[in-house]
Amino acid sequence: MRKNFQTFLIVLVSVMILYFLWKIIELGNQDLQAAIITVGIFIVMISVVFYSVFITPKKEKIRISKLKAAGLKIKTKFIGIEGREYNGHTGKYRYYIVKTQGIDPFSQQTKQYYSKHIYKQIESKDVPPEIEVYIDPQESKNYFMDLPFLNI
């Protein structure tokens, strides 16, 4: 799914560049203020695309590597897979969440842990009975569920 999104963003940026150049040629020197506003909007849009494509995935990888290196590793018991649907402005799509249960190392209470959104269907038989969860020692709400068996 991420590859499709990146391709879409690259096409979108290319179309925006062509539109911007066309507008500059069309305007000539008639309306310099409008050209400056267009350039400003263009720069903001490019910044958002750059951040969403390049910066955000790197930040998530760094967060996960920090949790794996310094987080508290606990074994949790697999409970089930929950299928959910999302209705957004771009349409309706389905995703899945792996649910596990384990002991919170801070409160010593039983707690449920949920995976990130998974966009391919998973069968319960493919999931091992125990799953590792890495918990941030400073904030127990920040955790990462390791799902290497999914190959995603």
# chains A, B, ... in the order shown; residues from 1 in each chain; ligands from 1
>>> select_by_dssp(residues="chain A", states="strand (DSSP E or B)", output="PDB file with C-alpha atoms, in the first residue's frame")
ATOM      1  CA  LEU A  72      11.082  -3.767  28.055  1.00  0.00           C
ATOM      2  CA  LYS A  73      10.430  -6.969  26.134  1.00  0.00           C
ATOM      3  CA  ILE A  74       7.449  -8.979  27.302  1.00  0.00           C
ATOM      4  CA  LYS A  75       5.776 -12.084  25.950  1.00  0.00           C
ATOM      5  CA  THR A  76       2.056 -11.712  25.329  1.00  0.00           C
ATOM      6  CA  LYS A  77      -0.606 -14.292  24.600  1.00  0.00           C
ATOM      7  CA  PHE A  78      -2.354 -14.138  21.219  1.00  0.00           C
ATOM      8  CA  ILE A  79      -6.088 -13.441  21.623  1.00  0.00           C
ATOM      9  CA  GLY A  80      -7.340 -12.963  18.087  1.00  0.00           C
ATOM     10  CA  ILE A  81      -7.490 -10.980  14.892  1.00  0.00           C
ATOM     11  CA  GLU A  82      -9.966  -8.180  14.562  1.00  0.00           C
ATOM     12  CA  GLY A  83     -11.123  -7.004  11.134  1.00  0.00           C
ATOM     13  CA  ARG A  84     -12.158  -3.374  10.897  1.00  0.00           C
ATOM     14  CA  GLU A  85     -13.430  -1.080   8.168  1.00  0.00           C
ATOM     15  CA  TYR A  86     -12.587   2.538   7.580  1.00  0.00           C
ATOM     16  CA  ASN A  87     -14.844   4.900   5.667  1.00  0.00           C
ATOM     17  CA  GLY A  88     -12.862   7.903   4.555  1.00  0.00           C
ATOM     18  CA  GLY A  91     -13.546   5.313   0.026  1.00  0.00           C
ATOM     19  CA  LYS A  92     -13.989   2.285   2.190  1.00  0.00           C
ATOM     20  CA  TYR A  93     -11.193  -0.155   3.008  1.00  0.00           C
ATOM     21  CA  ARG A  94     -10.592  -3.024   5.396  1.00  0.00           C
ATOM     22  CA  TYR A  95      -7.683  -3.546   7.764  1.00  0.00           C
ATOM     23  CA  TYR A  96      -6.812  -6.001  10.522  1.00  0.00           C
ATOM     24  CA  ILE A  97      -5.413  -5.748  14.039  1.00  0.00           C
ATOM     25  CA  VAL A  98      -3.682  -8.473  16.059  1.00  0.00           C
ATOM     26  CA  LYS A  99      -4.815  -8.474  19.696  1.00  0.00           C
ATOM     27  CA  THR A 100      -2.691  -9.901  22.487  1.00  0.00           C
ATOM     28  CA  GLN A 101      -2.828  -9.929  26.271  1.00  0.00           C
ATOM     29  CA  GLY A 102       0.016  -9.648  28.734  1.00  0.00           C
ATOM     30  CA  ILE A 103       1.102  -8.291  32.096  1.00  0.00           C
ATOM     31  CA  THR A 110      -3.378  -7.624  32.717  1.00  0.00           C
ATOM     32  CA  LYS A 111      -3.459  -5.405  29.629  1.00  0.00           C
ATOM     33  CA  GLN A 112      -4.450  -5.858  26.008  1.00  0.00           C
ATOM     34  CA  TYR A 113      -2.032  -4.818  23.268  1.00  0.00           C
ATOM     35  CA  TYR A 114      -2.982  -4.005  19.684  1.00  0.00           C
ATOM     36  CA  ILE A 118      -2.365  -4.577   8.744  1.00  0.00           C
ATOM     37  CA  GLU A 130       3.104 -15.951  21.974  1.00  0.00           C
ATOM     38  CA  ILE A 131       4.022 -12.550  20.527  1.00  0.00           C
ATOM     39  CA  GLU A 132       6.756 -10.200  21.731  1.00  0.00           C
ATOM     40  CA  VAL A 133       5.870  -6.623  22.662  1.00  0.00           C
ATOM     41  CA  TYR A 134       8.492  -3.948  23.348  1.00  0.00           C
ATOM     42  CA  ILE A 135       7.364  -1.322  25.866  1.00  0.00           C
ATOM     43  CA  TYR A 143       4.887   0.086  22.594  1.00  0.00           C
ATOM     44  CA  PHE A 144       5.671  -1.949  19.500  1.00  0.00           C
ATOM     45  CA  MET A 145       4.259  -5.378  18.720  1.00  0.00           C
TER      46      MET A 145
END
>>> select_by_dssp(residues="segment 33-125 of chain A", states="helix (DSSP H, G or I)", output="number ranges by chain")
A: 33-70, 124-125
>>> write_last_selection(atoms="C-alpha atoms", output="PDB file, in the first residue's frame")
ATOM      1  CA  GLN A  33       1.390  39.069  -6.360  1.00  0.00           C
ATOM      2  CA  ALA A  34      -0.643  36.081  -7.578  1.00  0.00           C
ATOM      3  CA  ALA A  35       2.552  34.398  -8.761  1.00  0.00           C
ATOM      4  CA  ILE A  36       4.166  34.882  -5.346  1.00  0.00           C
ATOM      5  CA  ILE A  37       1.111  33.396  -3.590  1.00  0.00           C
ATOM      6  CA  THR A  38       1.164  30.449  -6.000  1.00  0.00           C
ATOM      7  CA  VAL A  39       4.849  29.862  -5.257  1.00  0.00           C
ATOM      8  CA  GLY A  40       4.132  29.976  -1.513  1.00  0.00           C
ATOM      9  CA  ILE A  41       1.316  27.427  -1.781  1.00  0.00           C
ATOM     10  CA  PHE A  42       3.490  25.249  -3.992  1.00  0.00           C
ATOM     11  CA  ILE A  43       6.334  25.279  -1.455  1.00  0.00           C
ATOM     12  CA  VAL A  44       3.960  24.316   1.369  1.00  0.00           C
ATOM     13  CA  MET A  45       2.508  21.453  -0.675  1.00  0.00           C
ATOM     14  CA  ILE A  46       5.976  20.153  -1.597  1.00  0.00           C
ATOM     15  CA  SER A  47       7.007  20.317   2.070  1.00  0.00           C
ATOM     16  CA  VAL A  48       3.990  18.256   3.152  1.00  0.00           C
ATOM     17  CA  VAL A  49       4.635  15.640   0.467  1.00  0.00           C
ATOM     18  CA  PHE A  50       8.342  15.464   1.333  1.00  0.00           C
ATOM     19  CA  TYR A  51       7.585  15.070   5.045  1.00  0.00           C
ATOM     20  CA  SER A  52       4.960  12.365   4.525  1.00  0.00           C
ATOM     21  CA  VAL A  53       7.052  10.332   2.074  1.00  0.00           C
ATOM     22  CA  PHE A  54      10.561  10.646   3.497  1.00  0.00           C
ATOM     23  CA  ILE A  55      10.554  11.893   7.103  1.00  0.00           C
ATOM     24  CA  THR A  56       7.600  10.078   8.701  1.00  0.00           C
ATOM     25  CA  PRO A  57       8.673   6.518   7.716  1.00  0.00           C
ATOM     26  CA  LYS A  58      12.219   7.192   8.969  1.00  0.00           C
ATOM     27  CA  LYS A  59      10.897   8.491  12.292  1.00  0.00           C
ATOM     28  CA  GLU A  60       8.805   5.337  12.722  1.00  0.00           C
ATOM     29  CA  LYS A  61      11.819   3.113  11.969  1.00  0.00           C
ATOM     30  CA  ILE A  62      13.888   5.031  14.525  1.00  0.00           C
ATOM     31  CA  ARG A  63      11.109   4.727  17.127  1.00  0.00           C
ATOM     32  CA  ILE A  64      10.882   0.967  16.566  1.00  0.00           C
ATOM     33  CA  SER A  65      14.659   0.452  16.713  1.00  0.00           C
ATOM     34  CA  LYS A  66      14.836   2.438  19.985  1.00  0.00           C
ATOM     35  CA  LEU A  67      12.053   0.343  21.496  1.00  0.00           C
ATOM     36  CA  LYS A  68      13.753  -2.892  20.401  1.00  0.00           C
ATOM     37  CA  ALA A  69      17.080  -1.723  21.858  1.00  0.00           C
ATOM     38  CA  ALA A  70      15.987  -0.116  25.132  1.00  0.00           C
ATOM     39  CA  SER A 124      -5.370 -17.118  13.075  1.00  0.00           C
ATOM     40  CA  LYS A 125      -3.535 -20.357  12.301  1.00  0.00           C
TER      41      LYS A 125
END
>>> atom_distance(atom1="atom CA of Gln121 of chain A", atom2="atom CA of Pro148 of chain A")
15.2 Å
